[in-house]
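S.K.: Below you'll find start_34.csv; it's CSV, C-alpha atoms and all ligand atoms.
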chain,number,residue,atom,x,y,z
A,991,MET,CA,15.5,12.4,-13.5
A,992,ILE,CA,15.2,8.8,-12.4
A,993,ASN,CA,18.4,6.8,-11.7
A,994,ASP,CA,20.4,9.8,-13.1
A,995,LYS,CA,18.7,9.4,-16.4
A,996,LYS,CA,16.3,11.7,-18.2
A,997,VAL,CA,12.8,10.3,-18.5
A,998,LEU,CA,11.2,9.4,-21.8
A,999,TYR,CA,7.5,8.6,-22.1
A,1000,SER,CA,5.3,7.3,-25.0
A,1001,GLY,CA,2.8,4.7,-25.9
A,1002,MET,CA,0.2,3.5,-28.4
A,1003,GLN,CA,-3.5,3.2,-28.3
A,1004,ALA,CA,-4.9,-0.3,-28.2
A,1005,THR,CA,-7.1,0.3,-31.2
A,1006,GLY,CA,-6.7,-1.8,-34.3
A,1007,ASN,CA,-3.8,-4.0,-35.3
A,1008,LEU,CA,-0.4,-2.5,-35.6
A,1009,THR,CA,0.9,-1.9,-39.1
A,1010,LEU,CA,4.4,-1.9,-40.6
A,1011,GLY,CA,4.2,1.9,-40.3
A,1012,ASN,CA,3.7,1.7,-36.5
A,1013,TYR,CA,6.6,-0.7,-36.3
A,1014,LEU,CA,9.1,1.1,-38.6
A,1015,GLY,CA,8.0,4.6,-37.5
A,1016,ALA,CA,7.8,4.0,-33.8
A,1017,LEU,CA,8.2,0.6,-32.0
A,1018,LYS,CA,11.4,-0.5,-33.8
A,1019,ASN,CA,13.1,2.7,-32.8
A,1020,TRP,CA,12.1,2.5,-29.2
A,1021,VAL,CA,14.1,-0.6,-28.3
A,1022,THR,CA,17.5,1.1,-27.7
A,1023,LEU,CA,16.3,4.2,-26.0
A,1024,ASN,CA,16.5,2.7,-22.5
A,1025,GLU,CA,20.3,2.8,-22.7
A,1026,GLU,CA,20.1,6.6,-22.5
A,1027,TYR,CA,16.7,7.3,-20.9
A,1028,GLU,CA,14.5,5.9,-18.2
A,1029,CYS,CA,11.7,4.7,-20.4
A,1030,PHE,CA,7.9,4.3,-19.8
A,1031,TRP,CA,5.7,2.8,-22.5
A,1032,GLY,CA,2.0,2.7,-21.9
A,1033,VAL,CA,-0.7,0.6,-23.5
A,1034,MET,CA,-3.1,3.5,-23.8
A,1035,ASP,CA,-6.3,1.6,-23.1
A,1036,LEU,CA,-8.2,4.5,-21.5
A,1037,HIS,CA,-7.7,6.5,-24.7
A,1038,SER,CA,-9.1,3.7,-26.8
A,1039,LEU,CA,-12.4,4.1,-25.1
A,1040,THR,CA,-13.1,7.3,-26.9
A,1041,VAL,CA,-14.2,4.9,-29.7
A,1042,ARG,CA,-16.7,2.1,-28.9
A,1043,GLN,CA,-14.9,-1.2,-28.2
A,1044,VAL,CA,-16.2,-4.8,-28.1
A,1045,PRO,CA,-15.1,-5.7,-24.5
A,1046,ALA,CA,-13.8,-9.2,-25.2
A,1047,ASP,CA,-11.9,-8.2,-28.3
A,1048,PHE,CA,-10.6,-5.1,-26.6
A,1049,ARG,CA,-9.3,-6.9,-23.5
A,1050,LYS,CA,-7.3,-9.3,-25.8
A,1051,ARG,CA,-6.1,-6.6,-28.1
A,1052,ALA,CA,-4.7,-4.5,-25.2
A,1053,ARG,CA,-2.9,-7.4,-23.7
A,1054,ASN,CA,-1.6,-8.4,-27.2
A,1055,LEU,CA,-0.2,-4.9,-27.7
A,1056,LEU,CA,1.8,-5.2,-24.5
A,1057,VAL,CA,3.1,-8.6,-25.6
A,1058,LEU,CA,4.0,-7.1,-28.9
A,1059,TYR,CA,6.1,-4.4,-27.2
A,1060,ILE,CA,8.1,-7.1,-25.6
A,1061,ALA,CA,8.3,-9.2,-28.8
A,1062,ALA,CA,9.6,-6.2,-30.7
A,1063,GLY,CA,12.5,-6.1,-28.3
A,1064,LEU,CA,11.5,-3.7,-25.5
A,1065,ASN,CA,13.2,-5.4,-22.5
A,1066,PRO,CA,10.6,-5.4,-19.7
A,1067,GLU,CA,13.3,-5.4,-17.0
A,1068,LYS,CA,14.8,-2.2,-18.3
A,1069,ASN,CA,11.7,-0.5,-19.7
A,1070,CYS,CA,8.5,0.2,-17.8
A,1071,ILE,CA,5.8,-1.4,-20.0
A,1072,TYR,CA,2.4,-1.1,-18.4
A,1073,PHE,CA,-1.4,-0.5,-18.8
A,1074,GLN,CA,-2.6,3.0,-18.5
A,1075,SER,CA,-5.8,1.8,-16.9
A,1076,HIS,CA,-3.9,0.0,-14.2
A,1077,VAL,CA,-2.5,3.2,-12.7
A,1078,SER,CA,-5.5,5.2,-11.5
A,1079,ALA,CA,-3.4,8.3,-11.2
A,1080,HIS,CA,-3.8,8.9,-14.9
A,1081,ALA,CA,-7.6,9.4,-14.7
A,1082,GLU,CA,-7.3,11.4,-11.5
A,1083,LEU,CA,-4.6,13.8,-12.8
A,1084,SER,CA,-6.6,14.1,-16.0
A,1085,TRP,CA,-9.6,15.5,-14.1
A,1086,LEU,CA,-7.4,17.9,-12.1
A,1087,LEU,CA,-5.7,19.2,-15.3
A,1088,SER,CA,-9.0,19.5,-17.1
A,1089,CYS,CA,-9.7,22.4,-14.7
A,1090,TYR,CA,-6.6,24.1,-16.0
A,1091,THR,CA,-7.4,23.6,-19.7
A,1092,TYR,CA,-9.5,25.9,-21.7
A,1093,MET,CA,-12.4,24.9,-24.0
A,1094,GLY,CA,-10.9,27.2,-26.7
A,1095,GLU,CA,-7.6,25.3,-26.6
A,1096,LEU,CA,-9.3,21.9,-27.0
A,1097,ASN,CA,-11.5,23.3,-29.8
A,1098,ARG,CA,-8.4,23.9,-31.8
A,1099,MET,CA,-7.2,20.3,-31.8
A,1100,THR,CA,-7.1,19.0,-35.3
A,1101,GLN,CA,-7.3,15.3,-34.2
A,1102,PHE,CA,-10.6,16.1,-32.4
A,1103,LYS,CA,-12.0,17.7,-35.5
A,1104,ASP,CA,-10.9,14.8,-37.7
A,1105,LYS,CA,-12.2,12.1,-35.3
A,1106,ALA,CA,-15.5,14.0,-34.7
A,1107,ALA,CA,-16.0,14.1,-38.5
A,1108,LYS,CA,-15.2,10.4,-38.7
A,1109,HIS,CA,-17.4,9.3,-35.8
A,1110,ALA,CA,-20.2,11.8,-36.2
A,1111,ASP,CA,-22.6,9.4,-34.3
A,1112,ASN,CA,-20.4,9.3,-31.2
A,1113,ILE,CA,-18.7,12.7,-30.5
A,1114,ASN,CA,-18.3,12.1,-26.8
A,1115,ALA,CA,-16.7,14.3,-24.2
A,1116,GLY,CA,-13.8,11.9,-23.9
A,1117,LEU,CA,-12.9,12.5,-27.5
A,1118,PHE,CA,-12.8,16.2,-26.7
A,1119,THR,CA,-10.7,15.9,-23.5
A,1120,TYR,CA,-8.4,13.3,-25.0
A,1121,PRO,CA,-5.4,15.7,-25.0
A,1122,VAL,CA,-5.9,16.3,-21.2
A,1123,LEU,CA,-5.5,12.6,-20.5
A,1124,MET,CA,-2.5,12.5,-22.7
A,1125,ALA,CA,-1.0,15.5,-20.8
A,1126,ALA,CA,-1.7,13.6,-17.6
A,1127,ASP,CA,0.1,10.5,-18.9
A,1128,ILE,CA,3.2,12.5,-19.7
A,1129,LEU,CA,3.3,14.9,-16.8
A,1130,LEU,CA,2.8,12.1,-14.2
A,1131,TYR,CA,6.2,10.7,-15.0
A,1132,GLN,CA,7.9,14.1,-15.2
A,1133,ALA,CA,8.9,13.1,-18.7
A,1134,ASP,CA,11.7,15.1,-20.3
A,1135,PHE,CA,11.1,13.7,-23.8
A,1136,VAL,CA,8.2,12.3,-25.7
A,1137,PRO,CA,8.7,10.5,-29.1
A,1138,VAL,CA,5.6,11.1,-31.1
A,1139,GLY,CA,4.7,11.3,-34.7
A,1140,LYS,CA,3.8,14.5,-36.6
A,1141,ASP,CA,0.1,14.0,-35.9
A,1142,GLN,CA,0.6,14.2,-32.1
A,1143,LYS,CA,2.7,17.3,-32.0
A,1144,GLN,CA,-0.3,19.5,-31.3
A,1145,HIS,CA,-1.1,17.3,-28.3
A,1146,LEU,CA,2.4,17.7,-27.0
A,1147,GLU,CA,2.2,21.5,-27.4
A,1148,ILE,CA,-1.0,21.6,-25.3
A,1149,THR,CA,0.7,19.4,-22.7
A,1150,ARG,CA,3.5,21.9,-22.5
A,1151,ASP,CA,1.0,24.8,-22.2
A,1152,ILE,CA,-0.9,23.1,-19.4
A,1153,ALA,CA,2.4,22.3,-17.5
A,1154,GLU,CA,3.6,25.8,-17.8
A,1155,ARG,CA,0.3,27.3,-16.8
A,1156,PHE,CA,0.2,25.0,-13.7
A,1157,ASN,CA,3.8,25.7,-12.8
A,1158,SER,CA,3.3,29.5,-13.1
A,1159,ILE,CA,0.6,29.3,-10.5
A,1160,TYR,CA,1.9,26.7,-8.1
A,1161,GLY,CA,5.7,26.6,-8.6
A,1162,GLU,CA,7.8,24.0,-10.3
A,1163,VAL,CA,5.5,21.0,-10.1
A,1164,PHE,CA,5.9,19.5,-13.6
A,1165,THR,CA,8.8,19.0,-16.0
A,1166,VAL,CA,7.9,20.6,-19.2
A,1167,PRO,CA,8.4,17.9,-21.9
A,1168,GLU,CA,9.9,18.2,-25.2
A,1169,PRO,CA,9.3,16.2,-28.4
A,1170,TYR,CA,12.0,13.6,-29.0
A,1171,PHE,CA,13.6,13.8,-32.4
A,1172,GLY,CA,16.0,10.9,-32.3
A,1173,LYS,CA,17.0,8.8,-35.1
A,1174,THR,CA,13.9,9.5,-37.2
A,1175,GLY,CA,11.8,6.5,-38.0
A,1176,ALA,CA,10.7,6.0,-41.5
A,1177,ASN,CA,7.4,7.4,-42.6
A,1178,ILE,CA,5.5,4.6,-44.3
A,1179,MET,CA,2.7,5.4,-46.7
A,1180,SER,CA,-0.3,3.4,-47.7
A,1181,LEU,CA,0.3,0.8,-50.4
A,1182,GLN,CA,-3.0,1.8,-52.1
A,1183,ASP,CA,-2.6,5.6,-51.8
A,1184,PRO,CA,1.1,6.6,-51.3
A,1185,THR,CA,0.1,10.2,-50.6
A,1186,ARG,CA,-1.5,9.1,-47.3
A,1187,LYS,CA,0.2,7.4,-44.3
A,1188,MET,CA,-0.2,3.8,-43.7
A,1189,SER,CA,-2.7,3.6,-40.9
A,1190,LYS,CA,-4.2,0.9,-38.7
A,1191,SER,CA,-7.7,2.3,-39.1
A,1192,ASP,CA,-7.6,2.6,-42.9
A,1193,GLU,CA,-10.7,1.1,-44.3
A,1194,ASN,CA,-8.8,-0.4,-47.2
A,1195,VAL,CA,-6.9,-3.2,-45.6
A,1196,ASN,CA,-4.8,-3.6,-48.8
A,1197,GLY,CA,-3.2,-0.3,-48.0
A,1198,SER,CA,-1.6,-1.5,-44.8
A,1199,ILE,CA,0.7,-4.4,-44.0
A,1200,PHE,CA,-0.2,-5.6,-40.5
A,1201,LEU,CA,2.5,-7.0,-38.3
A,1202,MET,CA,0.7,-10.3,-38.0
A,1203,ASP,CA,-0.2,-10.7,-41.7
A,1204,ASP,CA,0.8,-14.1,-43.0
A,1205,MET,CA,3.4,-14.5,-45.7
A,1206,ASP,CA,0.9,-15.0,-48.5
A,1207,THR,CA,-1.0,-11.9,-47.5
A,1208,ILE,CA,2.2,-9.8,-47.5
A,1209,VAL,CA,3.2,-11.0,-50.9
A,1210,ARG,CA,-0.3,-10.3,-52.3
A,1211,LYS,CA,-0.5,-6.8,-50.8
A,1212,CYS,CA,3.0,-5.9,-52.1
A,1213,LYS,CA,2.1,-7.2,-55.5
A,1214,ARG,CA,-1.0,-5.1,-55.5
A,1215,ALA,CA,0.7,-1.9,-54.3
A,1216,VAL,CA,-0.1,1.1,-56.5
A,1217,THR,CA,2.9,2.1,-58.5
A,1218,ASP,CA,3.7,5.0,-60.8
A,1219,SER,CA,3.9,5.5,-64.5
A,1220,GLY,CA,7.1,4.6,-66.2
A,1221,ASN,CA,9.2,1.6,-65.4
A,1222,GLU,CA,12.2,2.9,-63.6
A,1223,ILE,CA,12.9,2.0,-59.9
A,1224,ARG,CA,13.9,5.4,-58.6
A,1225,TYR,CA,13.2,7.5,-55.6
A,1226,GLY,CA,11.5,10.8,-56.3
A,1227,GLU,CA,8.6,13.1,-55.7
A,1228,ASP,CA,7.1,12.2,-59.0
A,1229,LYS,CA,7.1,8.5,-58.0
A,1230,PRO,CA,5.4,8.3,-54.6
A,1231,GLY,CA,4.5,4.6,-55.0
A,1232,ILE,CA,7.9,3.3,-55.9
A,1233,SER,CA,9.6,5.7,-53.4
A,1234,ASN,CA,7.5,4.2,-50.6
A,1235,LEU,CA,8.4,0.7,-51.6
A,1236,LEU,CA,12.1,1.6,-51.8
A,1237,GLU,CA,11.8,3.1,-48.4
A,1238,ILE,CA,10.2,0.0,-47.0
A,1239,TYR,CA,12.9,-2.2,-48.7
A,1240,GLY,CA,15.6,0.0,-47.3
A,1241,VAL,CA,14.5,-0.1,-43.7
A,1242,CYS,CA,13.8,-3.8,-43.8
A,1243,THR,CA,17.2,-4.7,-45.2
A,1244,GLY,CA,19.3,-1.9,-43.6
A,1245,LYS,CA,20.3,-0.7,-47.1
A,1246,SER,CA,20.3,2.9,-48.2
A,1247,ILE,CA,17.9,4.2,-50.9
A,1248,GLU,CA,20.8,4.6,-53.3
A,1249,GLU,CA,22.0,1.0,-52.7
A,1250,ALA,CA,18.5,-0.2,-53.3
A,1251,GLU,CA,18.1,1.9,-56.5
A,1252,LYS,CA,21.3,0.4,-57.8
A,1253,GLU,CA,20.3,-3.1,-56.9
A,1254,PHE,CA,17.0,-2.8,-58.9
A,1255,SER,CA,18.3,-0.8,-61.9
A,1256,GLY,CA,16.8,-2.5,-64.9
A,1257,VAL,CA,14.5,-4.8,-62.8
A,1258,GLY,CA,10.8,-4.7,-63.6
A,1259,TYR,CA,8.1,-3.5,-61.1
A,1260,GLY,CA,6.8,-7.0,-60.6
A,1261,ASP,CA,10.1,-8.5,-59.5
A,1262,PHE,CA,10.9,-5.5,-57.4
A,1263,LYS,CA,7.6,-5.9,-55.5
A,1264,VAL,CA,8.4,-9.5,-54.8
A,1265,ALA,CA,11.8,-8.5,-53.4
A,1266,VAL,CA,10.1,-5.9,-51.2
A,1267,ALA,CA,7.7,-8.6,-49.9
A,1268,GLU,CA,10.5,-10.9,-49.2
A,1269,ALA,CA,12.4,-8.2,-47.3
A,1270,VAL,CA,9.3,-7.4,-45.2
A,1271,ILE,CA,8.8,-11.1,-44.5
A,1272,SER,CA,12.4,-11.7,-43.3
A,1273,MET,CA,12.1,-8.8,-40.9
A,1274,LEU,CA,8.6,-9.7,-39.6
A,1275,LYS,CA,9.1,-13.5,-39.3
A,1276,PRO,CA,11.3,-13.5,-36.2
A,1277,LEU,CA,9.0,-10.9,-34.6
A,1278,GLN,CA,5.9,-13.0,-35.3
A,1279,GLU,CA,7.6,-16.1,-33.9
A,1280,GLU,CA,8.7,-14.3,-30.7
A,1281,TYR,CA,5.2,-12.9,-30.3
A,1282,ALA,CA,3.6,-16.4,-30.7
A,1283,ARG,CA,6.0,-17.8,-28.2
A,1284,LEU,CA,5.4,-15.0,-25.6
A,1285,LEU,CA,1.6,-15.3,-26.0
A,1286,LYS,CA,1.9,-18.8,-24.5
A,1287,GLU,CA,4.0,-17.6,-21.5
A,1288,LYS,CA,1.0,-16.5,-19.5
A,1289,ASP,CA,2.7,-16.5,-16.1
A,1290,TYR,CA,5.7,-14.7,-17.3
A,1291,ILE,CA,3.7,-12.0,-18.9
A,1292,ASP,CA,1.4,-11.7,-15.8
A,1293,GLY,CA,4.6,-11.2,-13.7
A,1294,ILE,CA,5.8,-8.5,-15.9
A,1295,ILE,CA,2.5,-6.7,-15.8
A,1296,LYS,CA,2.4,-6.8,-12.1
A,1297,ALA,CA,5.9,-5.6,-11.6
A,1298,ASN,CA,5.7,-2.8,-14.1
A,1299,ASP,CA,2.2,-1.6,-13.0
A,1300,GLU,CA,3.7,-1.2,-9.6
A,1301,LYS,CA,6.8,0.6,-10.8
A,1302,ALA,CA,4.6,3.0,-12.9
A,1303,ALA,CA,2.2,3.6,-10.0
A,1304,TYR,CA,5.1,4.4,-7.7
A,1305,PHE,CA,6.3,7.3,-9.9
A,1306,ALA,CA,2.8,8.4,-10.9
A,1307,ASN,CA,1.5,8.6,-7.4
A,1308,LYS,CA,4.5,10.6,-6.3
A,1309,THR,CA,3.6,13.3,-8.7
A,1310,LEU,CA,-0.2,13.1,-8.0
A,1311,ARG,CA,0.4,13.6,-4.3
A,1312,LYS,CA,2.5,16.6,-5.0
A,1313,VAL,CA,-0.2,18.1,-7.3
A,1314,LYS,CA,-3.0,17.5,-4.7
A,1315,LYS,CA,-1.0,19.1,-2.0
A,1316,LYS,CA,-0.3,22.2,-4.2
A,1317,LEU,CA,-4.0,22.5,-5.1
A,1318,GLY,CA,-4.9,22.5,-1.4
A,1319,LEU,CA,-6.9,19.2,-1.4
A,1320,THR,CA,-7.2,17.9,2.1
A,1321,GLU,CA,-4.5,15.4,3.0
A,1322,LYS,CA,-5.5,12.0,4.3
A,1323,PRO,CA,-4.6,11.6,8.0
A,1324,ARG,CA,-1.8,9.1,8.4
B,1401,LIG,P1,-4.9,5.3,-36.2
B,1401,LIG,O1,-5.1,4.8,-37.6
B,1401,LIG,O2,-5.7,4.5,-35.2
B,1401,LIG,O3,-5.0,6.7,-36.0
B,1401,LIG,P2,-2.1,5.0,-36.6
B,1401,LIG,O4,-1.8,3.8,-37.4
B,1401,LIG,O5,-2.1,6.3,-37.4
B,1401,LIG,O6,-3.5,4.8,-35.8
B,1401,LIG,P3,-1.1,5.8,-34.0
B,1401,LIG,O7,-1.7,5.0,-33.0
B,1401,LIG,O8,-1.6,7.2,-34.2
B,1401,LIG,O9,-1.1,5.1,-35.4
B,1401,LIG,O10,0.5,5.9,-33.8
B,1401,LIG,C1,1.3,5.1,-33.1
B,1401,LIG,C2,2.7,5.4,-33.5
B,1401,LIG,O11,3.0,4.9,-34.8
B,1401,LIG,C3,3.0,6.9,-33.5
B,1401,LIG,O12,4.3,7.1,-32.9
B,1401,LIG,C4,3.0,7.3,-34.9
B,1401,LIG,O13,3.9,8.3,-35.2
B,1401,LIG,C5,3.6,6.0,-35.6
B,1401,LIG,N1,3.1,5.8,-36.9
B,1401,LIG,C6,1.8,5.6,-37.3
B,1401,LIG,N2,1.6,5.4,-38.6
B,1401,LIG,C7,2.9,5.5,-39.1
B,1401,LIG,C8,3.4,5.5,-40.5
B,1401,LIG,N3,2.6,5.2,-41.5
B,1401,LIG,N4,4.7,5.6,-40.7
B,1401,LIG,C9,5.5,5.9,-39.6
B,1401,LIG,N5,5.1,5.9,-38.3
B,1401,LIG,C10,3.8,5.8,-38.1
B,1402,LIG,N1,-2.3,9.9,-28.7
B,1402,LIG,C1,-1.2,9.0,-28.9
B,1402,LIG,C2,-1.1,7.9,-27.9
B,1402,LIG,C3,-0.8,8.4,-26.6
B,1402,LIG,C4,0.5,9.0,-26.2
B,1402,LIG,C5,0.3,9.4,-24.8
B,1402,LIG,C6,1.7,9.1,-26.9
B,1402,LIG,C7,-1.6,8.5,-25.5
B,1402,LIG,N2,-1.0,9.1,-24.5
B,1402,LIG,C8,1.4,9.9,-24.1
B,1402,LIG,C9,2.7,9.7,-26.2
B,1402,LIG,C10,2.6,10.1,-24.8
B,1402,LIG,C11,-1.4,8.4,-30.3
B,1402,LIG,O1,-2.5,8.3,-30.8
B,1402,LIG,N3,-0.3,8.0,-31.0
Would you mind writing the file out in structure tokens?
M.R.:
Amino acid sequence: MINDKKVLYSGMQATGNLTLGNYLGALKNWVTLNEEYECFWGVMDLHSLTVRQVPADFRKRARNLLVLYIAAGLNPEKNCIYFQSHVSAHAELSWLLSCYTYMGELNRMTQFKDKAAKHADNINAGLFTYPVLMAADILLYQADFVPVGKDQKQHLEITRDIAERFNSIYGEVFTVPEPYFGKTGANIMSLQDPTRKMSKSDENVNGSIFLMDDMDTIVRKCKRAVTDSGNEIRYGEDKPGISNLLEIYGVCTGKSIEEAEKEFSGVGYGDFKVAVAEAVISMLKPLQEEYARLLKEKDYIDGIIKANDEKAAYFANKTLRKVKKKLGLTEKPR
């Protein structure tokens, strides 16, 4: 508990550009959580290093992600928005926890298997111990809840296992976190293959709408979206393409799927796709404008980074000190 509130922790890797899926499935739903929880949102830049980055691009991308968090509506006075790499306790606790994590457990992680297959030329130890760093992120803040997508559930499970194992040896050191299933965010699928999720690392850029795509690109991508046979605009398992577009239209306009189906009854696929593009544009335009405005406010953003890094470090170091003491590491003389 911090300020009588339960703690909630999450974040995104600073790899690739965010998609409509990241926004509708995660970011957009984060903005009101601080009313009920003490929220920490990390820019997970250390995790990004498991894949080779171009330093200049990476530096910019990580900072832009933090700005995007704010542009999307996360109030930096009420949410702790910070860089993982600015709080050294993450890397330290990660090492300590790695001595309480078994090779066999890490070997079972499906993300490791997937990423190892994808980056066969760079299967580094960081990719293997990725979940330990993630456990450190969460446990440092004594988080009660972690909002994550389906693909991260296994990592949350191992975090719980590590916390329970540590607690059973040393007493109640860590809060054992639970997944957060709040208002479920939409699951957005690729426009080119609606059986796969829209992903920022998809090689086919036409499958994903990026948050910073310009208007023409959004229209073009929507028009090219793969649709199903038939000509009816209806939600259903047999119509994954149209269902995905209906879902996107629904979340962007705040309408239910039924309302959307009614609205487009008798309308052709072409006109429907244009309407979807327009809905996406009206939602993204204010976000893009706010993002562009904030990017120019260098001093303001620097101030936020400084204040929130400090806040995060305060809580993280408190846990780290406790862990070191429990482990029997020699304390520094005061
Ligand atoms: P990558 O392609 O690099 O694996 P990603 O686009 O799949 O990235 P993540 O960084 O794994 O995204 O996830 C960030 C957040 O966005 C997570 O909370 C995840 O659940 C959410 N998210 C990602 N893609 C979608 C999607 N298509 N629909 C809904 N939510 C999504
Ligand atoms: N692995 C997550 C990003 C991430 C994270 C975390 C999420 C790193 N550390 C701690 C929640 C809590 C991802 O790829 N989405």
S.K.: Find the distance between atom CA of A:Asp1127 and atom CA of A:Lys1286 and write it in Å to one decimal.
M.R.: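 So the answer is 29.9 Å.
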S.K.: Just give me the gap between atom CA of A:Glu1227 and atom CA of A:Glu1248 in Å, one decimal is fine.
M.R.: 15.1 Å
S.K.: What does the distance from atom CA of A:Pro1169 to atom CA of A:Val1136 come to in Å, to one decimal?
M.R.: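 Going from atom CA of A:Pro1169 over to atom CA of A:Val1136 covers 4.9 Å.
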S.K.: Could you tell me, as a VMD selection string, which residues have any atom at most 12 Å from (8.1, 20.5, -14.6), counting all atoms listed in the file?
M.R.: chain A and resid 991 997 1128 to 1135 1149 to 1158 1160 to 1168 1309 1312 to 1313
S.K.: Counting all atoms listed in the file, what residues are within 8 Å of ligand LIG 1402 (chain B), given as a list of chain:residue names?
M.R.: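 I would give the residues around ligand LIG 1402 (chain B) as A:Tyr999, A:Ser1000, A:Gly1001, A:Met1002, A:Gln1003, A:Gly1032, A:Met1034, A:His1037, A:Tyr1120, A:Pro1121, A:Leu1123, A:Met1124, A:Ala1125, A:Asp1127, A:Ile1128, A:Val1136, A:Pro1137, A:Val1138, A:Gly1139, A:Asp1141, A:Gln1142, A:His1145, A:Leu1146.
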S.K.: Enumerate as an mmCIF file with C-alpha atoms, in the coordinates of the input the residues within 9 Å of ligand LIG 1401 (chain B), counting only C-alpha atoms and all ligand atoms.
M.R.:
data_model
loop_
_atom_site.group_PDB
_atom_site.id
_atom_site.type_symbol
_atom_site.label_atom_id
_atom_site.label_comp_id
_atom_site.auth_asym_id
_atom_site.auth_seq_id
_atom_site.Cartn_x
_atom_site.Cartn_y
_atom_site.Cartn_z
ATOM 1 C CA SER A 1000 5.300 7.300 -25.000
ATOM 2 C CA GLY A 1001 2.800 4.700 -25.900
ATOM 3 C CA MET A 1002 0.200 3.500 -28.400
ATOM 4 C CA GLN A 1003 -3.500 3.200 -28.300
ATOM 5 C CA ALA A 1004 -4.900 -0.300 -28.200
ATOM 6 C CA THR A 1005 -7.100 0.300 -31.200
ATOM 7 C CA GLY A 1006 -6.700 -1.800 -34.300
ATOM 8 C CA ASN A 1007 -3.800 -4.000 -35.300
ATOM 9 C CA LEU A 1008 -0.400 -2.500 -35.600
ATOM 10 C CA THR A 1009 0.900 -1.900 -39.100
ATOM 11 C CA LEU A 1010 4.400 -1.900 -40.600
ATOM 12 C CA GLY A 1011 4.200 1.900 -40.300
ATOM 13 C CA ASN A 1012 3.700 1.700 -36.500
ATOM 14 C CA TYR A 1013 6.600 -0.700 -36.300
ATOM 15 C CA LEU A 1014 9.100 1.100 -38.600
ATOM 16 C CA GLY A 1015 8.000 4.600 -37.500
ATOM 17 C CA ALA A 1016 7.800 4.000 -33.800
ATOM 18 C CA LEU A 1017 8.200 0.600 -32.000
ATOM 19 C CA PRO A 1137 8.700 10.500 -29.100
ATOM 20 C CA VAL A 1138 5.600 11.100 -31.100
ATOM 21 C CA GLY A 1139 4.700 11.300 -34.700
ATOM 22 C CA LYS A 1140 3.800 14.500 -36.600
ATOM 23 C CA ASP A 1141 0.100 14.000 -35.900
ATOM 24 C CA GLN A 1142 0.600 14.200 -32.100
ATOM 25 C CA GLY A 1175 11.800 6.500 -38.000
ATOM 26 C CA ALA A 1176 10.700 6.000 -41.500
ATOM 27 C CA ASN A 1177 7.400 7.400 -42.600
ATOM 28 C CA ILE A 1178 5.500 4.600 -44.300
ATOM 29 C CA MET A 1179 2.700 5.400 -46.700
ATOM 30 C CA SER A 1180 -0.300 3.400 -47.700
ATOM 31 C CA ARG A 1186 -1.500 9.100 -47.300
ATOM 32 C CA LYS A 1187 0.200 7.400 -44.300
ATOM 33 C CA MET A 1188 -0.200 3.800 -43.700
ATOM 34 C CA SER A 1189 -2.700 3.600 -40.900
ATOM 35 C CA LYS A 1190 -4.200 0.900 -38.700
ATOM 36 C CA SER A 1191 -7.700 2.300 -39.100
ATOM 37 C CA ASP A 1192 -7.600 2.600 -42.900
ATOM 38 C CA SER A 1198 -1.600 -1.500 -44.800
#
S.K.: Would you pick out the contacts of stretch 1090-1098 of chain A at 7 Å or less, using only C-alpha atoms, so that residues sharing its chain but fewer than 2 positions from it are not included, and give the list as a ChimeraX atom specification?
M.R.: /A:1087-1088,1100,1118,1152
S.K.: For stretch 1248-1257 of chain A, which lacks atoms in the input, supply N, CA and C atoms and format the output as a CSV table (one decimal), in the coordinates of the input.
M.R.:
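Dumped everything to selection-v1.csv:
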chain,number,residue,atom,x,y,z
A,1248,GLU,N,20.0,4.7,-52.1
A,1248,GLU,CA,20.8,4.6,-53.3
A,1248,GLU,C,21.2,3.2,-53.6
A,1249,GLU,N,21.6,2.5,-52.5
A,1249,GLU,CA,22.0,1.0,-52.7
A,1249,GLU,C,20.8,0.3,-53.3
A,1250,ALA,N,19.6,0.5,-52.8
A,1250,ALA,CA,18.5,-0.2,-53.3
A,1250,ALA,C,18.2,0.2,-54.8
A,1251,GLU,N,18.3,1.5,-55.1
A,1251,GLU,CA,18.1,1.9,-56.5
A,1251,GLU,C,19.1,1.2,-57.4
A,1252,LYS,N,20.3,1.1,-57.0
A,1252,LYS,CA,21.3,0.4,-57.8
A,1252,LYS,C,21.0,-1.0,-58.0
A,1253,GLU,N,20.6,-1.7,-56.9
A,1253,GLU,CA,20.3,-3.1,-56.9
A,1253,GLU,C,19.2,-3.4,-57.9
A,1254,PHE,N,18.2,-2.5,-58.0
A,1254,PHE,CA,17.0,-2.8,-58.9
A,1254,PHE,C,17.1,-2.0,-60.2
A,1255,SER,N,18.2,-1.5,-60.6
A,1255,SER,CA,18.3,-0.8,-61.9
A,1255,SER,C,18.1,-1.9,-63.0
A,1256,GLY,N,17.1,-1.6,-63.8
A,1256,GLY,CA,16.8,-2.5,-64.9
A,1256,GLY,C,15.8,-3.6,-64.6
A,1257,VAL,N,15.5,-3.7,-63.3
A,1257,VAL,CA,14.5,-4.8,-62.8
A,1257,VAL,C,13.1,-4.2,-63.0
